[in-house]
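*Asks:* What follows is the file input14.cif, containing mmCIF, C-alpha atoms:
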```cif
data_protein
#
loop_
_atom_site.group_PDB
_atom_site.id
_atom_site.type_symbol
_atom_site.label_atom_id
_atom_site.label_comp_id
_atom_site.auth_asym_id
_atom_site.auth_seq_id
_atom_site.Cartn_x
_atom_site.Cartn_y
_atom_site.Cartn_z
ATOM 1 C CA MET A 1 -11.125 27.529 12.250
ATOM 2 C CA VAL A 2 -14.172 25.774 10.847
ATOM 3 C CA LYS A 3 -14.025 22.004 10.519
ATOM 4 C CA ASN A 4 -16.021 20.554 7.653
ATOM 5 C CA TYR A 5 -16.935 16.872 7.718
ATOM 6 C CA VAL A 6 -19.148 14.805 5.438
ATOM 7 C CA LEU A 7 -20.237 11.296 6.412
ATOM 8 C CA THR A 8 -21.031 8.523 3.934
ATOM 9 C CA GLY A 9 -21.003 4.735 4.065
ATOM 10 C CA CYS A 10 -18.445 4.258 1.316
ATOM 11 C CA ILE A 11 -17.131 5.554 -1.982
ATOM 12 C CA PRO A 12 -17.149 2.650 -4.429
ATOM 13 C CA ILE A 13 -14.975 2.225 -7.497
ATOM 14 C CA GLY A 14 -17.082 3.199 -10.494
ATOM 15 C CA TYR A 15 -19.321 5.468 -8.432
ATOM 16 C CA GLY A 16 -22.290 7.242 -9.988
ATOM 17 C CA GLY A 17 -24.557 10.240 -9.474
ATOM 18 C CA LEU A 18 -25.041 10.389 -5.701
ATOM 19 C CA THR A 19 -21.338 10.031 -4.942
ATOM 20 C CA THR A 20 -20.446 12.536 -7.663
ATOM 21 C CA ALA A 21 -22.891 15.003 -6.094
ATOM 22 C CA LEU A 22 -21.342 14.389 -2.651
ATOM 23 C CA LEU A 23 -17.826 15.030 -3.997
ATOM 24 C CA ASN A 24 -18.913 18.148 -5.916
ATOM 25 C CA ARG A 25 -20.735 19.602 -2.895
ATOM 26 C CA SER A 26 -17.753 18.882 -0.675
ATOM 27 C CA ALA A 27 -15.463 20.721 -3.114
ATOM 28 C CA GLN A 28 -17.880 23.664 -3.181
ATOM 29 C CA ILE A 29 -18.078 23.812 0.625
ATOM 30 C CA SER A 30 -14.294 23.755 0.828
ATOM 31 C CA SER A 31 -14.014 26.507 -1.765
ATOM 32 C CA ILE A 32 -16.597 28.762 -0.082
ATOM 33 C CA SER A 33 -15.387 28.238 3.497
ATOM 34 C CA ALA A 34 -11.684 28.288 2.530
ATOM 35 C CA GLU A 35 -11.246 25.265 4.827
ATOM 36 C CA PRO A 36 -10.638 21.625 3.852
ATOM 37 C CA VAL A 37 -13.444 19.082 3.861
ATOM 38 C CA LYS A 38 -12.888 15.593 5.249
ATOM 39 C CA ILE A 39 -15.219 12.898 3.942
ATOM 40 C CA LEU A 40 -15.523 10.156 6.557
ATOM 41 C CA THR A 41 -16.419 6.654 5.377
ATOM 42 C CA PHE A 42 -17.134 3.748 7.678
ATOM 43 C CA ARG A 43 -17.330 0.625 5.518
ATOM 44 C CA ASP A 44 -14.265 -1.581 5.680
ATOM 45 C CA ARG A 45 -12.691 -1.827 2.242
ATOM 46 C CA GLU A 46 -10.563 -4.474 0.674
ATOM 47 C CA PHE A 47 -8.683 -2.195 -1.741
ATOM 48 C CA PRO A 48 -8.338 1.307 -0.197
ATOM 49 C CA LYS A 49 -5.380 2.400 -2.352
ATOM 50 C CA GLN A 50 -7.211 1.571 -5.590
ATOM 51 C CA ILE A 51 -10.223 3.607 -4.501
ATOM 52 C CA HIS A 52 -8.018 6.587 -3.621
ATOM 53 C CA GLN A 53 -6.282 6.320 -7.015
ATOM 54 C CA HIS A 54 -9.676 6.084 -8.736
ATOM 55 C CA LEU A 55 -10.806 9.284 -6.981
ATOM 56 C CA LYS A 56 -7.668 11.106 -8.153
ATOM 57 C CA GLU A 57 -8.161 9.928 -11.747
ATOM 58 C CA ARG A 58 -11.780 11.134 -11.775
ATOM 59 C CA ASP A 59 -10.824 14.462 -10.155
ATOM 60 C CA GLY A 60 -12.961 13.651 -7.124
ATOM 61 C CA LEU A 61 -10.441 15.068 -4.656
ATOM 62 C CA ARG A 62 -10.120 18.783 -5.302
ATOM 63 C CA ASN A 63 -10.268 22.039 -3.333
ATOM 64 C CA GLY A 64 -8.877 20.399 -0.199
ATOM 65 C CA VAL A 65 -11.278 17.437 -0.123
ATOM 66 C CA THR A 66 -9.854 14.294 1.472
ATOM 67 C CA VAL A 67 -11.345 10.903 2.326
ATOM 68 C CA ILE A 68 -10.700 9.207 5.666
ATOM 69 C CA ASN A 69 -11.948 5.670 6.194
ATOM 70 C CA LEU A 70 -12.533 5.089 9.898
ATOM 71 C CA TYR A 71 -11.256 1.494 9.752
ATOM 72 C CA ASP A 72 -8.044 2.606 8.035
ATOM 73 C CA TRP A 73 -7.644 5.422 10.565
ATOM 74 C CA LEU A 74 -8.035 3.003 13.486
ATOM 75 C CA ARG A 75 -5.444 0.660 11.966
ATOM 76 C CA GLU A 76 -2.887 3.485 11.844
ATOM 77 C CA ASN A 77 -3.737 5.366 15.069
ATOM 78 C CA SER A 78 -4.481 4.442 18.639
ATOM 79 C CA LEU A 79 -7.133 6.008 20.819
ATOM 80 C CA SER A 80 -5.624 7.965 23.685
ATOM 81 C CA CYS A 81 -8.437 7.282 26.168
ATOM 82 C CA GLY A 82 -7.611 3.617 26.726
ATOM 83 C CA GLY A 83 -11.217 2.730 25.927
ATOM 84 C CA VAL A 84 -12.402 0.187 23.393
ATOM 85 C CA SER A 85 -9.567 -1.684 21.751
ATOM 86 C CA PHE A 86 -9.493 -2.267 18.013
ATOM 87 C CA ASP A 87 -8.044 -5.535 16.771
ATOM 88 C CA PRO A 88 -7.565 -5.219 12.990
ATOM 89 C CA LYS A 89 -7.562 -9.011 12.623
ATOM 90 C CA HIS A 90 -10.941 -9.503 14.269
ATOM 91 C CA HIS A 91 -12.836 -6.231 13.882
ATOM 92 C CA LYS A 92 -15.638 -7.644 11.715
ATOM 93 C CA PHE A 93 -17.012 -10.116 14.222
ATOM 94 C CA ALA A 94 -18.329 -10.042 17.773
ATOM 95 C CA LYS A 95 -19.227 -13.018 19.919
ATOM 96 C CA ILE A 96 -22.949 -13.625 20.281
ATOM 97 C CA GLY A 97 -24.072 -12.680 23.756
ATOM 98 C CA SER A 98 -21.009 -10.557 24.495
ATOM 99 C CA PRO A 99 -21.791 -7.317 26.323
ATOM 100 C CA PRO A 100 -21.710 -4.166 24.227
ATOM 101 C CA PRO A 101 -18.524 -2.105 24.502
ATOM 102 C CA GLN A 102 -18.442 0.808 26.896
ATOM 103 C CA PHE A 103 -17.472 4.020 25.123
ATOM 104 C CA ARG A 104 -15.811 7.024 26.655
ATOM 105 C CA LYS A 105 -15.168 10.405 25.134
ATOM 106 C CA CYS A 106 -11.707 10.327 23.524
ATOM 107 C CA ASN A 107 -9.417 12.975 22.130
ATOM 108 C CA THR A 108 -8.587 11.729 18.631
ATOM 109 C CA GLY A 109 -6.728 14.821 17.458
ATOM 110 C CA TYR A 110 -9.497 16.081 15.163
#
```
Represent the structure contained in this file as structure tokens.

*Replies:*
Amino acid sequence: MVKNYVLTGCIPIGYGGLTTALLNRSAQISSISAEPVKILTFRDREFPKQIHQHLKERDGLRNGVTVINLYDWLRENSLSCGGVSFDPKHHKFAKIGSPPPQFRKCNTGY
């Protein structure tokens, strides 16, 4: 089974040409490979449900294309490796002078 991923910073409401091209290419890849494509975004969003609804209205999610925001995923799932913790209340800020987090390879189920 082939896993198809596309990485982008965000998909804004009222997106234009570059995002449309990304969504169209993702749908084409999914159609050709006969496997779903997961678009991973990593900018925290204030209104994730509105963006998802906007994508449906503009037919941006077709041929098995889905969007997964990494912040939303971390809010709903826990990492099984016991590594870096994610506090959804304080994820935007880090103390100045704090040591960088130590990352370990984790099985996230993907």

*Asks:* Skip A:Phe42 itself and residues of its chain fewer than 6 positions away, then list as an MDAnalysis selection string all residues within 10 Å of it, counting all atoms listed in the file.

*Replies:* chainID A and resid 7:11 68:72

*Asks:* Between A:Trp73, A:Arg43, A:Gln50, A:Val6, which has the minimum distance to A:Asn24 (counting only C-alpha atoms)?

*Replies:*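 Smallest distance to A:Asn24 is found for A:Val6.
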
*Asks:* What does the distance between atom CA of A:Ala27 and atom CA of A:Gly60 come to in Å, to one decimal place?

*Replies:*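 Computing the Euclidean distance for atom CA of A:Ala27 and atom CA of A:Gly60 yields 8.5 Å.
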
*Asks:* Within 9 Å of A:Asn63, counting all atoms listed in the file, which residues qualify if same-chain residues fewer than 6 places away don't, as number ranges by chain?

*Replies:* A: 26-31, 34-37

*Asks:* Work out how far atom CA of A:Asp44 is from atom CA of A:Pro12, in Å to one decimal.

*Replies:* 11.3 Å

*Asks:* Just the number, please: distance in Å from atom CA of A:Lys38 to atom CA of A:Ser78, one decimal.

*Replies:* 19.3 Å

*Asks:* Take stretch 2-25 of chain A, bring it up to N, CA, C and O atoms, and give me the output as a JSON list (two decimals), keeping the file's coordinate frame.

*Replies:*
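rebuild_38.json was written with the following content:
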```
[["chain", "number", "residue", "atom", "x", "y", "z"],
["A", 2, "VAL", "N", -12.99, 26.61, 11.07],
["A", 2, "VAL", "CA", -14.17, 25.77, 10.85],
["A", 2, "VAL", "C", -13.72, 24.40, 10.41],
["A", 2, "VAL", "O", -12.81, 24.27, 9.58],
["A", 3, "LYS", "N", -14.34, 23.37, 10.96],
["A", 3, "LYS", "CA", -14.02, 22.00, 10.52],
["A", 3, "LYS", "C", -15.22, 21.47, 9.76],
["A", 3, "LYS", "O", -16.34, 21.47, 10.26],
["A", 4, "ASN", "N", -14.96, 21.06, 8.53],
["A", 4, "ASN", "CA", -16.02, 20.55, 7.65],
["A", 4, "ASN", "C", -15.86, 19.05, 7.50],
["A", 4, "ASN", "O", -14.83, 18.58, 7.04],
["A", 5, "TYR", "N", -16.92, 18.31, 7.87],
["A", 5, "TYR", "CA", -16.93, 16.87, 7.72],
["A", 5, "TYR", "C", -18.18, 16.45, 6.95],
["A", 5, "TYR", "O", -19.25, 17.04, 7.11],
["A", 6, "VAL", "N", -18.04, 15.43, 6.14],
["A", 6, "VAL", "CA", -19.15, 14.80, 5.44],
["A", 6, "VAL", "C", -19.07, 13.32, 5.76],
["A", 6, "VAL", "O", -18.00, 12.73, 5.76],
["A", 7, "LEU", "N", -20.21, 12.70, 6.05],
["A", 7, "LEU", "CA", -20.24, 11.30, 6.41],
["A", 7, "LEU", "C", -21.00, 10.51, 5.35],
["A", 7, "LEU", "O", -22.10, 10.88, 4.95],
["A", 8, "THR", "N", -20.38, 9.42, 4.88],
["A", 8, "THR", "CA", -21.03, 8.52, 3.93],
["A", 8, "THR", "C", -20.57, 7.10, 4.21],
["A", 8, "THR", "O", -19.49, 6.91, 4.79],
["A", 9, "GLY", "N", -21.35, 6.13, 3.82],
["A", 9, "GLY", "CA", -21.00, 4.74, 4.07],
["A", 9, "GLY", "C", -19.72, 4.33, 3.37],
["A", 9, "GLY", "O", -18.82, 3.78, 3.97],
["A", 10, "CYS", "N", -19.64, 4.61, 2.07],
["A", 10, "CYS", "CA", -18.44, 4.26, 1.32],
["A", 10, "CYS", "C", -18.41, 5.05, 0.02],
["A", 10, "CYS", "O", -19.40, 5.67, -0.37],
["A", 11, "ILE", "N", -17.28, 5.01, -0.63],
["A", 11, "ILE", "CA", -17.13, 5.55, -1.98],
["A", 11, "ILE", "C", -16.64, 4.40, -2.84],
["A", 11, "ILE", "O", -15.48, 4.01, -2.76],
["A", 12, "PRO", "N", -17.53, 3.83, -3.64],
["A", 12, "PRO", "CA", -17.15, 2.65, -4.43],
["A", 12, "PRO", "C", -16.37, 3.02, -5.69],
["A", 12, "PRO", "O", -16.46, 4.13, -6.19],
["A", 13, "ILE", "N", -15.61, 2.06, -6.19],
["A", 13, "ILE", "CA", -14.98, 2.22, -7.50],
["A", 13, "ILE", "C", -16.10, 2.20, -8.53],
["A", 13, "ILE", "O", -17.00, 1.38, -8.45],
["A", 14, "GLY", "N", -16.03, 3.10, -9.48],
["A", 14, "GLY", "CA", -17.08, 3.20, -10.49],
["A", 14, "GLY", "C", -18.33, 3.86, -9.96],
["A", 14, "GLY", "O", -19.44, 3.51, -10.35],
["A", 15, "TYR", "N", -18.17, 4.81, -9.05],
["A", 15, "TYR", "CA", -19.32, 5.47, -8.43],
["A", 15, "TYR", "C", -20.13, 6.25, -9.45],
["A", 15, "TYR", "O", -19.68, 6.56, -10.54],
["A", 16, "GLY", "N", -21.37, 6.57, -9.07],
["A", 16, "GLY", "CA", -22.29, 7.24, -9.99],
["A", 16, "GLY", "C", -22.74, 8.60, -9.48],
["A", 16, "GLY", "O", -21.98, 9.33, -8.86],
["A", 17, "GLY", "N", -24.02, 8.90, -9.69],
["A", 17, "GLY", "CA", -24.56, 10.24, -9.47],
["A", 17, "GLY", "C", -24.56, 10.74, -8.05],
["A", 17, "GLY", "O", -24.19, 11.89, -7.79],
["A", 18, "LEU", "N", -24.98, 9.92, -7.09],
["A", 18, "LEU", "CA", -25.04, 10.39, -5.70],
["A", 18, "LEU", "C", -23.65, 10.68, -5.14],
["A", 18, "LEU", "O", -23.44, 11.68, -4.45],
["A", 19, "THR", "N", -22.70, 9.81, -5.43],
["A", 19, "THR", "CA", -21.34, 10.03, -4.94],
["A", 19, "THR", "C", -20.70, 11.22, -5.65],
["A", 19, "THR", "O", -19.99, 12.01, -5.02],
["A", 20, "THR", "N", -20.96, 11.37, -6.93],
["A", 20, "THR", "CA", -20.45, 12.54, -7.66],
["A", 20, "THR", "C", -21.00, 13.82, -7.06],
["A", 20, "THR", "O", -20.25, 14.80, -6.87],
["A", 21, "ALA", "N", -22.29, 13.83, -6.73],
["A", 21, "ALA", "CA", -22.89, 15.00, -6.09],
["A", 21, "ALA", "C", -22.24, 15.28, -4.74],
["A", 21, "ALA", "O", -21.95, 16.44, -4.40],
["A", 22, "LEU", "N", -21.99, 14.23, -3.95],
["A", 22, "LEU", "CA", -21.34, 14.39, -2.65],
["A", 22, "LEU", "C", -19.95, 15.00, -2.81],
["A", 22, "LEU", "O", -19.59, 15.93, -2.08],
["A", 23, "LEU", "N", -19.17, 14.51, -3.78],
["A", 23, "LEU", "CA", -17.83, 15.03, -4.00],
["A", 23, "LEU", "C", -17.87, 16.47, -4.50],
["A", 23, "LEU", "O", -17.06, 17.31, -4.06],
["A", 24, "ASN", "N", -18.80, 16.78, -5.41],
["A", 24, "ASN", "CA", -18.91, 18.15, -5.92],
["A", 24, "ASN", "C", -19.33, 19.12, -4.82],
["A", 24, "ASN", "O", -18.79, 20.22, -4.72],
["A", 25, "ARG", "N", -20.30, 18.73, -4.01],
["A", 25, "ARG", "CA", -20.74, 19.60, -2.90],
["A", 25, "ARG", "C", -19.62, 19.80, -1.88],
["A", 25, "ARG", "O", -19.44, 20.90, -1.35]]
```
